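Novice: I have a structure I would like to understand better, so I am pasting it below and will then ask my questions one at a time.
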Amino acid sequence: MSPLEPPRARRVAVIGGSRVPFARSDGPYATASNQEMLTAALDGLVERYGLQGPGAVGEFVAGAVLKHSRDFNLARETVLGSALDPRTPAYDVQQACGTGLQAVIAAANKIALGQTESAVAGGADTASDAPLGVNDRLRRILLEARRAKSAGGRAKALARIRPGHLVPDIPRNAEPRTGLSMGEHAAVTARARGITREAQDELAATSHQRLAAAYERGFFRDLVVPFRGLARDQNLRPGSTVEKLAALKPVFGLSGAEPTMTAGNSTPLTDGAATVLLASEEWAEARGLEPLAYLTAHETAAVDFVGGDVAGGEDGLLMAPAYAVPRMLERAGLGIEDFDLVEIHEAFASQVLATLAAWEKRGLAPVDRARLNVAGSSLATGHPFAATGARVVATLAALLAEREGPGRGLISVCAAGGQGVTAILERT
């Protein structure tokens with residue numbers, strides 16, 4: 001190859017995944033940090049695939065959305081606290097709910113370009129241990145006191161502190177540009193798209209039922225490691241039905257007529273972590289590991305959820321996959337009908353249904369519901385923001401591997417800030 005020629009991309013194999021069971025916030029993981037959960041998920045992967053040796057993994061890529069200042073180097077600190085070789089380099093990424101999938105893409109790109117032979121990607125988030133910021137007015141006073149040139153100046157600045165300054169800034173699930181929560185944004189889209197309550201509850205109930213069935217048949221045996229007394233996702237409700245969900249009161253979109261979004265058809269605040277092992281074919285073959293699937297394409301998009309066609313449902317906060325997927329499929333020369341499995345992150349049931357409708361509006365074939373989230377998804381598992389992408393990649397790869405013959409799977413993840421991250425997995 002000439003020095004001027006670009007390197008030829010290699011196939012990137014998904015070898016396997018490891019995650020802790022996801023837990024509702026302020027529950028079993030209430031005192032667990034991002035690093036502790038991510039380390040547990042990573043150690044499960046190290047043990048399962050024998051990654052303890054020197055240089056076994058080229059690098060570790062991970063991130064979190066809700067981060068303390070102590071998490072500024074989360075991925076690297078996780079490596080140092082794990083069974084992985086401490087000489088393994090690591091770095092953080094963050095793209096809201098797309099973090100886990102974007103970490104997978106970042107690691108895969110290096111493998112594809114021959115810059116490393118293997119990597120672990122993932123993410124963690126805890127809604128229980130969310131950082132509390134110093135009240136901004138108090139922060140300014142403290143900085144003024146620090147800059148003061150004399151003891152008198154410091155005392156004068158500190159004397160301005162009032163009881164109201166001691167109230168901390170608590171993280172809010174709201175978009176800085178609009179002040180609306182993700183649920184309120186989803187409610188706007190649901191109303192614009194005419195998404196019914198019954199359709200949302202049906203999708204939510206199906207997610208729980210399918211996740212329960214997957215656990216019962218042992219599907220997650222090699223994907224989930226017990227942690228702090230949990231062996232299954234705590235949010236799972238095996239007996240969930242449309243009738244039971246119909247009894248719940250709406251919690252989003254209450255200012256509009258006939259609100260449809262409830263706690264049952266929306267994901268709860270969740271704690272958890274997930275990881276995925278990626279490698280070149282040569283690396284996998286040398287270690288006798290059969291790839292579950294291959295990451296063959298990916299695409300990221302964003303929408304103008306502030307000034308775009310929001311009221312019409314086109315540019316709602318969570319609608320970026322409506323643009324990313326058609327673009328990715330056109331580039332790959334594929335249609336929805338070419339996919340055996342489709343994994344759409346279930347931030348809200350209404351968002352999944354709105355995405356499906358948007359794809360059809362853009363000329364894609366309808367998604368066969370029998371192929372959609374066949375082992376359940378976020379409505380049942382829960383959604384620790386940065387962990388979801390890695391969970392979905394590992395789940396889809398394992399689903400493709402258990403099928404007879406070749407298969408292809410589509411991944412779609414919406415994210416805060418009006419973004420979306422999508423990918424294609426294939427098994428040949």
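Residues in the structure tokens are numbered from 1 in each chain, the chains being A, B, ... in the order shown, and ligands are numbered from 1 in the order shown.
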Please list as a ChimeraX atom specification every residue within 9 Å of region 203-213 of chain A, counting only C-alpha atoms and excluding residues in the same chain fewer than 3 positions away.
Specialist: /A:198-200,216-219,235-242,244-245,264-266,346,348-350,352-353,373-381
Novice: Give the strand (DSSP E or B) residues of region 164-409 of chain A, as assigned by DSSP on the backbone, as a PyMOL selection string.
Specialist: chain A and resi 169+174+181+224+227+230+250-252+261-262+266+270-280+293-302+341-344+348+372+407-409
Novice: Keeping only C-alpha atoms, write the selected residues as an mmCIF file, in the first residue's frame.
Specialist:
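Final file, result.cif:
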```cif
data_model
loop_
_atom_site.group_PDB
_atom_site.id
_atom_site.type_symbol
_atom_site.label_atom_id
_atom_site.label_comp_id
_atom_site.auth_asym_id
_atom_site.auth_seq_id
_atom_site.Cartn_x
_atom_site.Cartn_y
_atom_site.Cartn_z
ATOM 1 C CA ASP A 169 -28.295 23.196 42.339
ATOM 2 C CA ALA A 174 -34.648 19.421 31.244
ATOM 3 C CA SER A 181 -38.097 17.859 30.387
ATOM 4 C CA VAL A 224 -25.600 -10.011 32.779
ATOM 5 C CA PHE A 227 -24.440 -7.022 41.353
ATOM 6 C CA LEU A 230 -29.687 -8.231 41.802
ATOM 7 C CA PRO A 250 -50.629 10.481 32.830
ATOM 8 C CA VAL A 251 -47.499 12.265 34.054
ATOM 9 C CA PHE A 252 -46.383 14.183 30.943
ATOM 10 C CA MET A 261 -47.822 9.432 28.633
ATOM 11 C CA THR A 262 -47.608 7.637 31.975
ATOM 12 C CA SER A 266 -41.985 5.913 29.951
ATOM 13 C CA THR A 270 -32.244 4.071 36.457
ATOM 14 C CA ASP A 271 -28.771 3.072 37.711
ATOM 15 C CA GLY A 272 -26.519 0.661 35.825
ATOM 16 C CA ALA A 273 -23.522 -0.006 33.585
ATOM 17 C CA ALA A 274 -22.783 -2.013 30.442
ATOM 18 C CA THR A 275 -19.729 -2.969 28.362
ATOM 19 C CA VAL A 276 -19.017 -4.553 24.960
ATOM 20 C CA LEU A 277 -15.891 -6.334 23.681
ATOM 21 C CA LEU A 278 -14.922 -5.442 20.101
ATOM 22 C CA ALA A 279 -12.047 -6.828 18.040
ATOM 23 C CA SER A 280 -10.553 -7.493 14.645
ATOM 24 C CA ALA A 293 -21.820 -10.165 14.787
ATOM 25 C CA TYR A 294 -20.018 -7.372 12.949
ATOM 26 C CA LEU A 295 -20.548 -3.616 13.175
ATOM 27 C CA THR A 296 -20.832 -2.600 9.524
ATOM 28 C CA ALA A 297 -22.275 0.930 9.494
ATOM 29 C CA HIS A 298 -23.234 3.814 11.742
ATOM 30 C CA GLU A 299 -24.721 7.277 11.444
ATOM 31 C CA THR A 300 -25.340 10.238 13.751
ATOM 32 C CA ALA A 301 -27.857 13.045 13.236
ATOM 33 C CA ALA A 302 -29.308 16.053 15.036
ATOM 34 C CA LEU A 341 -34.137 -7.539 13.849
ATOM 35 C CA VAL A 342 -34.676 -3.897 14.803
ATOM 36 C CA GLU A 343 -33.626 -2.419 18.147
ATOM 37 C CA ILE A 344 -35.078 0.994 18.987
ATOM 38 C CA PHE A 348 -40.750 6.492 25.771
ATOM 39 C CA LEU A 372 -38.842 -5.089 16.971
ATOM 40 C CA GLY A 407 -28.722 -11.999 9.816
ATOM 41 C CA ARG A 408 -28.809 -8.238 9.986
ATOM 42 C CA GLY A 409 -29.902 -5.910 12.791
#
```
Novice: Give me the residues within 12 Å of Gly81 (chain A) as a list in words, counting only C-alpha atoms and dropping any in the same chain fewer than 2 places off.
Specialist: Gln35, Glu36, Met37, Leu38, Thr39, Ala40, Ala41, Leu42, Asp43, Leu74, Ala75, Arg76, Glu77, Thr78, Val79, Ala83, Leu84, Asp85, Pro86, Arg87 and Thr88 of chain A
Novice: Please save C-alpha atoms of the selected residues as a PDB file, in the first residue's frame.
Specialist:
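File produced: part38.pdb:
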```pdb
ATOM      1  CA  GLN A  35     -17.061   3.782  38.660  1.00  0.00           C
ATOM      2  CA  GLU A  36     -18.173   0.919  40.917  1.00  0.00           C
ATOM      3  CA  MET A  37     -20.934  -0.177  38.539  1.00  0.00           C
ATOM      4  CA  LEU A  38     -18.779   0.191  35.440  1.00  0.00           C
ATOM      5  CA  THR A  39     -15.965  -1.764  37.087  1.00  0.00           C
ATOM      6  CA  ALA A  40     -18.352  -4.609  37.926  1.00  0.00           C
ATOM      7  CA  ALA A  41     -19.576  -4.747  34.321  1.00  0.00           C
ATOM      8  CA  LEU A  42     -15.999  -4.618  32.979  1.00  0.00           C
ATOM      9  CA  ASP A  43     -14.766  -7.316  35.361  1.00  0.00           C
ATOM     10  CA  LEU A  74     -13.980   7.759  34.635  1.00  0.00           C
ATOM     11  CA  ALA A  75     -12.835   5.251  32.014  1.00  0.00           C
ATOM     12  CA  ARG A  76      -9.209   5.290  33.114  1.00  0.00           C
ATOM     13  CA  GLU A  77     -10.079   5.041  36.819  1.00  0.00           C
ATOM     14  CA  THR A  78     -12.366   2.120  36.017  1.00  0.00           C
ATOM     15  CA  VAL A  79      -9.480   0.308  34.323  1.00  0.00           C
ATOM     16  CA  ALA A  83      -9.002  -6.867  36.606  1.00  0.00           C
ATOM     17  CA  LEU A  84      -7.907  -5.434  33.255  1.00  0.00           C
ATOM     18  CA  ASP A  85      -4.211  -4.758  32.717  1.00  0.00           C
ATOM     19  CA  PRO A  86      -3.532  -1.342  34.355  1.00  0.00           C
ATOM     20  CA  ARG A  87      -1.441  -0.412  31.315  1.00  0.00           C
ATOM     21  CA  THR A  88      -4.619  -0.340  29.192  1.00  0.00           C
TER      22      THR A  88
END
```
Novice: From the set A:Pro366, A:Gly100, A:Gly179, A:Gly405, which residue has the shortest atom-to-atom contact distance to Glu337 (chain A), counting only C-alpha atoms?
Specialist: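 Using only C-alpha atoms, the shortest distance to Glu337 (chain A) belongs to A:Pro366.
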Novice: Would you please work out which residue, of A:Leu292, A:Val325, A:Ala397, A:Val392, is nearest to Trp359 (chain A) when using only C-alpha atoms?
Specialist: A:Val325
Novice: Using only C-alpha atoms, which of A:Ala286, A:Ala127, A:Ala398, A:Ala157 sits nearest Tyr29 (chain A)?
Specialist: A:Ala127
Novice: Between CA of Leu158 (chain A) and CA of Phe72 (chain A), what is the distance, to one decimal in Å?
Specialist: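 Here the two named atoms are 29.1 Å from each other.
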Novice: Give me, please, the distance in Å between CA of Val310 (chain A) and CA of Ala192 (chain A), quoted to one decimal.
Specialist: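 Between CA of Val310 (chain A) and CA of Ala192 (chain A) the gap is 8.6 Å.
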Novice: I need the residue nearest Tyr49 (chain A) from this list: A:Ile195, A:Val120, A:Ala247, A:Leu166. Use only C-alpha atoms for the distance.
Specialist: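 Distance minimum relative to Tyr49 (chain A) lands on A:Val120.
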Novice: Find, counting only C-alpha atoms, the residue in A:Ala62, A:Ala108, A:Ala387, A:Ala159 that gets nearest to Val20 (chain A).
Specialist: A:Ala387
Novice: Between A:Gly98, A:Gly418, A:Gly333, A:Gly229, which is the closest to Ala64 (chain A) once you count only C-alpha atoms?
Specialist: A:Gly98
Novice: Name the residues of region 179-393 of chain A that fall into helix (DSSP H, G or I) according to DSSP on the backbone, using the chain letters and numbers of this document, as a PyMOL selection string.
Specialist: chain A and resi 182-193+197-216+219-222+242-245+281-286+321-332+336-338+349-361+369-371+378-381+385-393
Novice: Need to verify the contact set: Ala365 (chain A), 12 Å, only C-alpha atoms, exclusion of same-chain residues closer than 6 positions in sequence. Can you return it as a list in words?
Specialist: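 My list of contacting residues is Pro326, Leu329, Leu334, Gly335, Ile336, Glu337, Asp338, Phe339, Leu356, Ala357, Ala358 and Trp359 of chain A.
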Novice: Could you jot down the CA of Ala401 (chain A) to CA of Glu117 (chain A) separation for me, Å, one decimal place?
Specialist: 21.6 Å
Novice: Residues near Pro291 (chain A), anyone? I mean within 7 Å using only C-alpha atoms, not counting same-chain ones fewer than 3 positions away, as a count of residues only.
Specialist: 3
